[in-house]
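Novice: Pasting a structure here, questions to come.
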There are 2 protein chains.
Amino acid sequence: MKTTTVKGTNDYLPKEAALRDYLQNKILNTYINNGFEHIITPAIEDAENLDKSEGGENLNLIFKILKRGDKLTKAIESGNMDSLSDMGLRYDLTLPLSRYYANNKANLNLPFKAIQIDRVYRAERPQKGRLREFVQCDIDILGSSSSSCEIELIYTTAKALLAIEIEEFRVKVNDRRILNSILKNIGFAQEELESVCIIFDKMDKIGKDGVIEELAKKEYSENVISKFEEFISIPDMSLDRVREFVSEDDRCYVDNVSEIIAKSLKLAAGKYDVVFDISLVRGQGYYTGTIFEVESLKFKGAIAGGGRYDNLIGKFTGESVAAVGFSIGFERIYSILSEQNYVPKDIVKKVVLFYNEDEYTDAVMKADELRKEYAVTMIERPKKLGKYLAKIEAQGYYGFLVYGEADEIKLLGHN
Amino acid sequence: MKTTTVKGTNDYLPKEAALRDYLQNKILNTYINNGFEHIITPAIEDAENLDKSEGGENLNLIFKILKRGDKLTKAIESGNMDSLSDMGLRYDLTLPLSRYYANNKANLNLPFKAIQIDRVYRAERPQKGRLREFVQCDIDILGSSSSSCEIELIYTTAKALLAIEIEEFRVKVNDRRILNSILKNIGFAQEELESVCIIFDKMDKIGKDGVIEELAKKEYSENVISKFEEFISIPDMSLDRVREFVSEDDRCYVDNVSEIIAKSLKLAAGKYDVVFDISLVRGQGYYTGTIFEVESLKFKGAIAGGGRYDNLIGKFTGESVAAVGFSIGFERIYSILSEQNYVPKDIVKKVVLFYNEDEYTDAVMKADELRKEYAVTMIERPKKLGKYLAKIEAQGYYGFLVYGEADEIKLLGHN
């Protein structure tokens, strides 16, 4: 039998699981305290729903579940490879949320403020930081197009980050409709916008020259590319400056972003910055309006992202439903904190009570007393106590007690 | 697109998810407080590991994951149906725990006291109370054959049940080795024991006559069957009485059960009963020693079960590792409490703060004040306030406040 986990998935040691639980609970409780409601959906979805969703690249990464019994035999006989499966593992939580809303809307408040913290699956090529099974942490507001939704999502996500002691971050805001308006004014055609955005999104990684080079390869007109280069060369593009490049009809989107930033800054009360960033694009194809991202200043790079996706739910309900969401990059944050050996201040303290077998039930009574304050593990006194103590110390235990020998907990070295 | 969940899986509404979270947290925290350690394993396991495990009937219920790309093409060309998949979804948490132990033992304390609360998958025929995706709640102690493990598992599981206000239950204890000794003395052959046990296990459902009838069908000797009938006709079989039917060499197992029951009763302190039950068999093939079950007196039937399985982990490690576990029937308990409309006393209270859009940021400050005590949802004041209030009342909200109109929370009708 194989003892390792399957490729791209992890076993978590007790210390690691404790940190994951701690982070998930802090985030969940922050969201609940702020009036969002936790929902639970299955990890398995109908294969057609997955295939027809707007998952972009992710659609190539779906784990499909094999049919069984007669159904499988028939599928094989049919010679149609696509018919081998009719279910798959979800690749994100947005598609399940959209289906959930359509399935349960009679029983939900509107606007519906949902929390999802759960596992998703993608057949990524295994590499550092890329898992095939990982946790996503989303909040979404469905059924309202008010800009207070964006403000609330930014405020609540920032609260969750502060609750797990992630500091030194800033929130970047943009709007797909502003980007599109500018690109059209520069001279790109409607059908080119999507792929220009995808290239522009790489600015962080490949720089301005890289972006221009890739655009050139796509054979857009030289004139248009050089106008675009001129535009992205403007340093510190502000909302006021960007207004000039946006069609008059689309300036309301600039006002909208401006309002979101002003109110978010007021609520941030100096704890973090909220800024306009014209180079923020966000990968997903389904975004239709505002987009935002949290950038860690300390660790570089995005630790949360989201935006408005007003058309996705309509695929299930038949009528358009306004929707906007924000997702914390849970695995990124877990791996940052874990590399730092982060130990939360309010994590439960673990103590070992050693006992001899003949005094077991009495020792349990003593353990129960200590359990009012600590998590207490009972262990039959090992022959080599010193060696055992060294081991539990390395695992982050707080202290120990030998039943019958002492009444007070002895702290382990690092405390 | 299909709006329903796939067969045998559930969407959980906010109220339902809140109850599930509450129960899981209470159970998890009880286990942690009692010195067990939470671990996390992937939902996906290697297909061979799953197929070669001792899962009995469950091996026919495994969801397999389809290979992808070239691997899939090759598998189809090979014509070997079994090669279409090399991974599957776990059907329980015991196999993953065994693999986990083998994979991580250098980093674990011995004895290792593990908690697992997680989803498992079985392709059950959908019917009431049978899900294809469901949560299991296990504690296990690995690496010790001391009977204090059984006592600790019984005590800790009972504590978890009491913590979620499940009362009126009793713990039944037996030992596979006692059963086997008796059956051999009655005249069954070694190779018949397993299937006789499986039939005896149905006693609850088909009664004594049903059991005898099924044994007769198997064509065991009439003489042996009639001796067995005589044995199971003895009312209130006590541990003292059972001793007569057990070989001298096996009486140590009777003493062992006797000790477990006596010490467990002392720790129970009158809150629940712990009894010997010769008719307790437990289905799983992998049990090798003591077995136990919690029976709800109020709701009839088992709500937790477990036992010793000393050979399973050896399949991974090559050397035998003592192991014993206890599993709470989470879905059974959830469905009982949910049907009773159980609302935990200490569940977080939800309040709605209504506001007008132009006073949004000020309303947030007010909400944050209230959030010191309540979970507060902010909703733009709806046109039909009364209708909205009726809806949130039905959903279990505690109270509401209209920003700018009142300073105190108004309770909703049922509070």
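Note on naming: chains are A, B, ... as they come in the structure tokens, residues start from 1 per chain, ligands start from 1 in the order shown.
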For the contact check between chain B and chain A, emit one row per residue of chain B within 6 Å, containing the shortest atom pair and the distance in Å rounded to one decimal, counting only C-alpha atoms, chain then rising number order, as a tab-separated table.

Specialist:
residue	atom	partner	partner_atom	distance
B:Met1	CA	A:Asn49	CA	5.6
B:Thr3	CA	A:Asn103	CA	5.1
B:Thr4	CA	A:Asn103	CA	5.9
B:Asp11	CA	A:Thr41	CA	4.7
B:Tyr12	CA	A:Ile40	CA	5.1
B:Leu13	CA	A:Ile39	CA	5.9
B:Pro14	CA	A:Ile39	CA	5.2
B:Ala17	CA	A:Ile39	CA	5.6
B:Asn33	CA	A:Ala375	CA	4.0
B:Asn34	CA	A:Val376	CA	5.4
B:Gly35	CA	A:Thr377	CA	3.7
B:Glu37	CA	A:Pro14	CA	5.7
B:His38	CA	A:Pro14	CA	5.6
B:Ile39	CA	A:Pro14	CA	5.2
B:Ile40	CA	A:Tyr12	CA	5.1
B:Thr41	CA	A:Asp11	CA	4.7
B:Asn49	CA	A:Met1	CA	5.6
B:Lys64	CA	A:Leu66	CA	5.5
B:Ile65	CA	A:Ile65	CA	4.4
B:Leu66	CA	A:Leu66	CA	5.3
B:Arg99	CA	A:Thr3	CA	5.2
B:Ala102	CA	A:Thr3	CA	6.0
B:Asn103	CA	A:Thr3	CA	5.1
B:Phe316	CA	A:Met1	CA	5.6
B:Ala375	CA	A:Asn33	CA	4.0
B:Val376	CA	A:Gly35	CA	4.6
B:Thr377	CA	A:Gly35	CA	3.6

Novice: So that I have them on file, write out the residues from the current selection with C-alpha atoms, as a PDB file, in the first residue's frame.

Specialist:
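selection.pdb written:
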ATOM      1  CA  MET B   1     -28.035  24.220 -16.259  1.00  0.00           C
ATOM      2  CA  THR B   3     -30.209  23.753 -10.257  1.00  0.00           C
ATOM      3  CA  THR B   4     -30.513  20.703  -7.984  1.00  0.00           C
ATOM      4  CA  ASP B  11     -27.262  22.013  -0.124  1.00  0.00           C
ATOM      5  CA  TYR B  12     -27.522  23.322   3.446  1.00  0.00           C
ATOM      6  CA  LEU B  13     -29.499  26.507   4.129  1.00  0.00           C
ATOM      7  CA  PRO B  14     -27.893  29.072   6.485  1.00  0.00           C
ATOM      8  CA  ALA B  17     -25.261  25.069   8.114  1.00  0.00           C
ATOM      9  CA  ASN B  33      -9.949  19.766  25.280  1.00  0.00           C
ATOM     10  CA  ASN B  34      -9.525  16.087  26.119  1.00  0.00           C
ATOM     11  CA  GLY B  35      -6.118  15.945  24.506  1.00  0.00           C
ATOM     12  CA  GLU B  37      -5.319  16.167  18.069  1.00  0.00           C
ATOM     13  CA  HIS B  38      -7.121  17.196  14.910  1.00  0.00           C
ATOM     14  CA  ILE B  39      -5.556  16.005  11.676  1.00  0.00           C
ATOM     15  CA  ILE B  40      -6.568  16.656   8.074  1.00  0.00           C
ATOM     16  CA  THR B  41      -6.189  14.200   5.198  1.00  0.00           C
ATOM     17  CA  ASN B  49      -5.148   1.687  -1.370  1.00  0.00           C
ATOM     18  CA  LYS B  64     -13.477   6.586  -8.806  1.00  0.00           C
ATOM     19  CA  ILE B  65     -11.880   9.609 -10.460  1.00  0.00           C
ATOM     20  CA  LEU B  66     -11.338   9.422 -14.203  1.00  0.00           C
ATOM     21  CA  ARG B  99      -2.084   5.722   5.694  1.00  0.00           C
ATOM     22  CA  ALA B 102       2.407   5.313   8.241  1.00  0.00           C
ATOM     23  CA  ASN B 103       3.286   8.516   6.350  1.00  0.00           C
ATOM     24  CA  PHE B 316       0.899   0.222   5.519  1.00  0.00           C
ATOM     25  CA  ALA B 375     -23.965  39.100  14.478  1.00  0.00           C
ATOM     26  CA  VAL B 376     -25.266  42.130  12.568  1.00  0.00           C
ATOM     27  CA  THR B 377     -26.442  42.111   8.945  1.00  0.00           C
TER      28      THR B 377
END

Novice: Any idea what's packed within 10 Å of B:Val343, counting only C-alpha atoms, ignoring anything in its chain fewer than 3 positions away? Could you give it as a short mmCIF file (atom, residue, chain, number, x, y, z; two decimals) with N, CA, C and O atoms, in the first residue's frame?

Specialist:
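The result, stored in part_14.cif:
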data_model
loop_
_atom_site.label_atom_id
_atom_site.label_comp_id
_atom_site.auth_asym_id
_atom_site.auth_seq_id
_atom_site.Cartn_x
_atom_site.Cartn_y
_atom_site.Cartn_z
N LYS B 15 -29.51 28.32 8.16
CA LYS B 15 -29.91 27.80 9.46
C LYS B 15 -29.37 26.38 9.67
O LYS B 15 -28.95 26.01 10.77
N ALA B 18 -25.59 26.47 10.09
CA ALA B 18 -25.25 26.97 11.42
C ALA B 18 -25.33 25.84 12.45
O ALA B 18 -24.47 25.71 13.32
N LEU B 19 -26.35 24.98 12.33
CA LEU B 19 -26.48 23.85 13.26
C LEU B 19 -25.35 22.85 13.05
O LEU B 19 -24.75 22.36 14.01
N TYR B 22 -22.21 24.30 14.46
CA TYR B 22 -22.28 24.30 15.92
C TYR B 22 -21.94 22.91 16.47
O TYR B 22 -21.11 22.76 17.36
N LEU B 337 -31.63 16.11 15.58
CA LEU B 337 -31.72 17.45 16.19
C LEU B 337 -32.43 18.42 15.25
O LEU B 337 -33.17 19.30 15.68
N SER B 338 -32.18 18.24 13.96
CA SER B 338 -32.76 19.12 12.99
C SER B 338 -34.28 18.90 12.90
O SER B 338 -35.06 19.86 12.84
N GLN B 340 -36.10 18.00 15.33
CA GLN B 340 -36.63 18.56 16.58
C GLN B 340 -36.59 20.07 16.60
O GLN B 340 -36.93 20.68 17.61
N ASP B 346 -26.41 28.52 23.24
CA ASP B 346 -25.30 29.47 23.09
C ASP B 346 -24.97 29.78 21.63
O ASP B 346 -23.86 30.19 21.31
N ILE B 347 -25.95 29.60 20.73
CA ILE B 347 -25.69 29.94 19.33
C ILE B 347 -25.72 31.47 19.18
O ILE B 347 -26.43 32.16 19.94
N GLY B 396 -35.17 32.72 12.05
CA GLY B 396 -34.52 32.62 13.34
C GLY B 396 -33.73 33.85 13.76
O GLY B 396 -32.94 33.78 14.71
#

Novice: Any idea what's packed within 12 Å of A:Ile333, counting only C-alpha atoms, ignoring anything in its chain fewer than 4 positions away? Could you give it as a ChimeraX atom specification?

Specialist: /A:19-20,23-24,27,129,135-137,160-161,164-167,294-296,298-304,327-329,337-340,342

Novice: When you look at B:Glu54 with a cut-off of 9 Å (counting only C-alpha atoms), what residues show up, excluding the ones that are within fewer than 6 positions of it in the same chain? I need them as a list in words.

Specialist: Leu95, Gln284, Gly285, Tyr286 and Leu312 of chain B

Novice: Could you dump the residues just selected with N, CA and C atoms as a PDB file, in the first residue's frame?

Specialist:
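Saved to out.pdb:
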ATOM      1  N   LEU B  95      -9.261   4.276   6.801  1.00  0.00           N
ATOM      2  CA  LEU B  95      -8.194   3.994   5.842  1.00  0.00           C
ATOM      3  C   LEU B  95      -7.237   5.191   5.720  1.00  0.00           C
ATOM      4  N   GLN B 284     -18.142  -3.962  10.588  1.00  0.00           N
ATOM      5  CA  GLN B 284     -16.841  -3.940   9.911  1.00  0.00           C
ATOM      6  C   GLN B 284     -16.002  -5.192  10.121  1.00  0.00           C
ATOM      7  N   GLY B 285     -15.402  -5.655   9.035  1.00  0.00           N
ATOM      8  CA  GLY B 285     -14.562  -6.840   9.081  1.00  0.00           C
ATOM      9  C   GLY B 285     -13.264  -6.635   9.845  1.00  0.00           C
ATOM     10  N   TYR B 286     -12.829  -5.370   9.984  1.00  0.00           N
ATOM     11  CA  TYR B 286     -11.481  -5.161  10.519  1.00  0.00           C
ATOM     12  C   TYR B 286     -11.374  -5.190  12.048  1.00  0.00           C
ATOM     13  N   LEU B 312      -5.087  -3.325  10.834  1.00  0.00           N
ATOM     14  CA  LEU B 312      -5.255  -2.510   9.627  1.00  0.00           C
ATOM     15  C   LEU B 312      -4.014  -1.683   9.303  1.00  0.00           C
TER      16      LEU B 312
END

Novice: I need the residue nearest A:Ala269 from this list: A:Lys105, A:Arg241, A:Lys159, A:Arg122. Use only C-alpha atoms for the distance.

Specialist: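 Among the listed residues, A:Lys159 lies closest to A:Ala269.
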
Novice: Write down as an MDAnalysis selection string the residues belonging to stretch 86-299 of chain B that are assigned helix (DSSP H, G or I) by DSSP computed on the backbone.

Specialist: chainID B and resid 94:107 148:163 176:186 190:200 203:217 222:233 239:243 248:268

Novice: Rounded to one decimal place, report the atom CA of B:Leu215-atom CA of B:Val173 distance in Å.

Specialist: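 Answer for the atom CA of B:Leu215 to atom CA of B:Val173 separation: 24.2 Å.
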
Novice: Which one is closest to B:Tyr272: B:Phe354, B:Phe169, B:Phe231, B:Tyr334? Count only C-alpha atoms.

Specialist: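 Residue with the minimum atom-to-atom distance to B:Tyr272: B:Phe169.
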
Novice: Quick one, how far is atom CA of B:Glu150 from atom CA of B:Asp138?

Specialist: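 Separating atom CA of B:Glu150 from atom CA of B:Asp138 is a distance of 13.7 Å.
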